[in-house]
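Below is target-v6.txt, holding compact mmCIF, C-alpha atoms.
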# COMPACT_ATOMS: atom_id res chain seq x y z
CA GLN A 1 82.41 124.17 117.45
CA VAL A 2 83.88 121.93 114.83
CA GLN A 3 86.83 119.66 115.47
CA LEU A 4 89.07 118.52 112.65
CA VAL A 5 91.45 115.61 113.04
CA GLU A 6 94.02 114.89 110.36
CA SER A 7 95.94 111.70 109.79
CA GLY A 8 98.03 110.01 107.15
CA GLY A 9 101.18 112.07 107.18
CA GLY A 10 104.61 110.55 107.42
CA LEU A 11 107.96 110.05 105.78
CA VAL A 12 108.01 109.11 102.11
CA GLN A 13 110.63 108.98 99.39
CA ILE A 14 110.66 111.27 96.39
CA GLY A 15 108.13 110.00 93.86
CA GLY A 16 106.10 108.23 96.52
CA SER A 17 102.49 108.67 97.57
CA LEU A 18 100.55 109.50 100.70
CA ARG A 19 96.87 109.83 101.48
CA LEU A 20 95.82 112.35 104.07
CA SER A 21 92.49 112.16 105.86
CA CYS A 22 90.58 114.78 107.81
CA THR A 23 87.48 113.92 109.80
CA ALA A 24 85.14 116.58 111.11
CA SER A 25 83.13 116.21 114.29
CA GLY A 26 81.04 118.39 116.55
CA PHE A 27 78.56 120.86 115.10
CA ILE A 28 79.29 119.93 111.50
CA SER A 29 75.94 120.99 110.09
CA GLY A 30 76.47 123.92 107.77
CA ILE A 31 80.03 123.12 106.78
CA ARG A 32 80.52 124.25 103.21
CA SER A 33 83.93 123.94 101.67
CA MET A 34 86.77 121.97 103.15
CA GLY A 35 90.35 122.02 102.09
CA TRP A 36 93.98 121.28 102.63
CA TYR A 37 96.65 123.87 103.19
CA ARG A 38 100.32 123.43 103.91
CA GLN A 39 103.10 125.31 105.63
CA ALA A 40 106.75 124.62 105.04
CA PRO A 41 109.42 125.80 107.49
CA GLY A 42 109.98 129.53 107.18
CA LYS A 43 107.13 129.96 104.72
CA GLN A 44 103.54 131.14 104.89
CA ARG A 45 100.65 128.73 104.89
CA GLU A 46 99.39 128.14 101.36
CA LEU A 47 96.49 126.49 99.66
CA ALA A 48 96.85 122.96 98.32
CA ALA A 49 93.28 122.07 97.37
CA THR A 50 89.68 122.73 98.32
CA ILE A 51 86.40 120.96 97.71
CA ALA A 52 82.91 122.34 98.03
CA THR A 53 79.82 120.54 99.22
CA ASP A 54 78.76 119.96 95.62
CA GLY A 55 82.15 118.42 94.82
CA THR A 56 83.64 121.38 93.01
CA THR A 57 87.40 121.29 93.46
CA ASN A 58 90.16 123.86 93.30
CA TYR A 59 93.89 123.18 93.23
CA ALA A 60 97.02 125.23 93.63
CA ASP A 61 99.11 125.50 90.49
CA TYR A 62 102.04 123.65 92.03
CA VAL A 63 99.89 120.53 92.45
CA GLU A 64 100.17 119.99 88.68
CA GLY A 65 97.77 117.05 88.65
CA ARG A 66 99.65 115.17 91.36
CA PHE A 67 97.12 115.70 94.17
CA THR A 68 93.46 114.73 94.27
CA ILE A 69 91.02 116.00 96.89
CA SER A 70 87.86 114.07 97.60
CA ARG A 71 85.10 114.14 100.14
CA ASP A 72 82.89 111.57 101.83
CA ASN A 73 79.96 113.57 103.16
CA ALA A 74 78.48 110.56 104.92
CA GLU A 75 81.70 110.11 106.90
CA ASN A 76 82.37 113.85 107.25
CA THR A 77 85.82 113.19 105.90
CA VAL A 78 87.95 114.85 103.27
CA TYR A 79 90.95 113.17 101.69
CA LEU A 80 94.04 114.35 99.87
CA GLN A 81 95.71 111.77 97.69
CA MET A 82 99.23 112.93 96.93
CA ASN A 83 101.24 111.20 94.23
CA ASP A 84 104.68 111.79 92.74
CA LEU A 85 105.74 113.65 95.84
CA LYS A 86 108.62 116.08 95.57
CA PHE A 87 111.11 117.26 98.15
CA GLU A 88 109.40 120.67 98.15
CA ASP A 89 106.13 119.07 99.22
CA THR A 90 107.63 118.67 102.70
CA ALA A 91 105.40 120.64 105.05
CA ILE A 92 102.79 120.44 107.75
CA TYR A 93 99.45 119.86 106.06
CA TYR A 94 96.39 121.41 107.68
CA CYS A 95 92.74 120.67 107.14
CA LYS A 96 90.36 123.61 107.00
CA ALA A 97 86.58 123.80 107.15
CA ASN A 98 84.41 126.79 106.34
CA LYS A 99 81.09 127.05 108.13
CA LEU A 100 79.01 130.15 107.65
CA GLN A 101 81.32 132.94 108.82
CA SER A 102 83.60 130.69 110.82
CA VAL A 103 86.79 128.93 109.87
CA TYR A 104 88.15 125.86 111.60
CA TRP A 105 91.61 124.32 111.39
CA GLY A 106 92.99 120.96 112.33
CA GLN A 107 96.20 120.50 114.24
CA GLY A 108 98.17 119.52 111.16
CA THR A 109 99.98 116.42 110.00
CA GLN A 110 103.63 116.36 108.99
CA VAL A 111 104.61 115.22 105.52
CA THR A 112 108.31 114.72 104.93
CA VAL A 113 109.66 113.81 101.52
CA SER A 114 113.20 112.53 101.46
CA SER A 115 115.65 111.18 98.97
structure tokens encoding of this file:
Amino acid sequence: QVQLVESGGGLVQIGGSLRLSCTASGFISGIRSMGWYRQAPGKQRELAATIATDGTTNYADYVEGRFTISRDNAENTVYLQMNDLKFEDTAIYYCKANKLQSVYWGQGTQVTVSS
């Protein structure tokens, strides 16, 4: 089993920044890609960004250069730096890890963008 613990969410004003962290523990050997997804009220969960073991990144179109995903393999942690936050970025942000044929999710961290 792999456990994922997210942190860093909170309340921020429009145009502000937040940095989310996700630390993996447990049987982490074999984890390949990790990523961040988000789910706004009444909407389906959607991709924000992913990063592979080799550092290859993938971003959703709506990120528009505002988010940066990074990974510290030594600390088993993935980060999501979010800048120029918009009201529509309000959502619960979930960390995801892919390991072989298994998928693991964190419990989520709330990001609320207000005016």
List the spatial neighbours of A:Gly9 as number ranges by chain - criterion: any atom at most 8 Å away, only C-alpha atoms, same-chain residues fewer than 3 positions off excluded.
A: 18-20, 109-112
Counting all atoms listed in the file, what is within 8 Å of stretch 77-91 of chain A, bar same-chain residues fewer than 3 positions away, as a VMD selection string?
chain A and resid 13 to 24 34 to 36 38 to 41 66 to 74 110 to 115
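Atom CA of A:Gln107 to atom CA of A:Tyr94 spans 6.6 Å [interatomic distance, one decimal].
With atom CA of A:Glu64 on one side and atom CA of A:Leu4 on the other, the separation reads 26.5 Å.
Of the residues under consideration (A:Ala52, A:Ile92, A:Val2, A:Leu47), A:Val2 shows the shortest atom-to-atom contact distance to A:Ser29 when counting only C-alpha atoms.
Here the question is which of A:Ser7, A:Ser25, A:Asn76, A:Ser33 gets nearest to A:Ile51 using all atoms listed in the file, and that residue is A:Ser33.
The residue set within 9 Å of stretch 103-105 of chain A, counting all atoms listed in the file and dropping same-chain residues fewer than 2 places from it, reads Gln1, Val2, Gln3, Leu4, Val5, Tyr94, Cys95, Lys96, Ala97, Asn98, Lys99, Leu100, Gln101, Gln107 and Gly108 of chain A.
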Please enclose the listed atoms of stretch 19-34 of chain A in an axis-aligned box, pad each side by 3 Å, and write out the centre and the three edge lengths in Å, rounded to one decimal, as lines of an AutoDock Vina configuration file.
center_x = 86.4
center_y = 117.0
center_z = 109.0
size_x = 26.9
size_y = 20.4
size_z = 21.1
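Computed from the coordinates, the atom CA of A:Arg32 to atom CA of A:Thr53 distance equals 5.5 Å.
With all atoms listed in the file as the atoms that count, the minimum distance from A:Glu46 to the choices A:Gly10, A:Tyr59, A:Ile28, A:Ser102 is reached by A:Tyr59.
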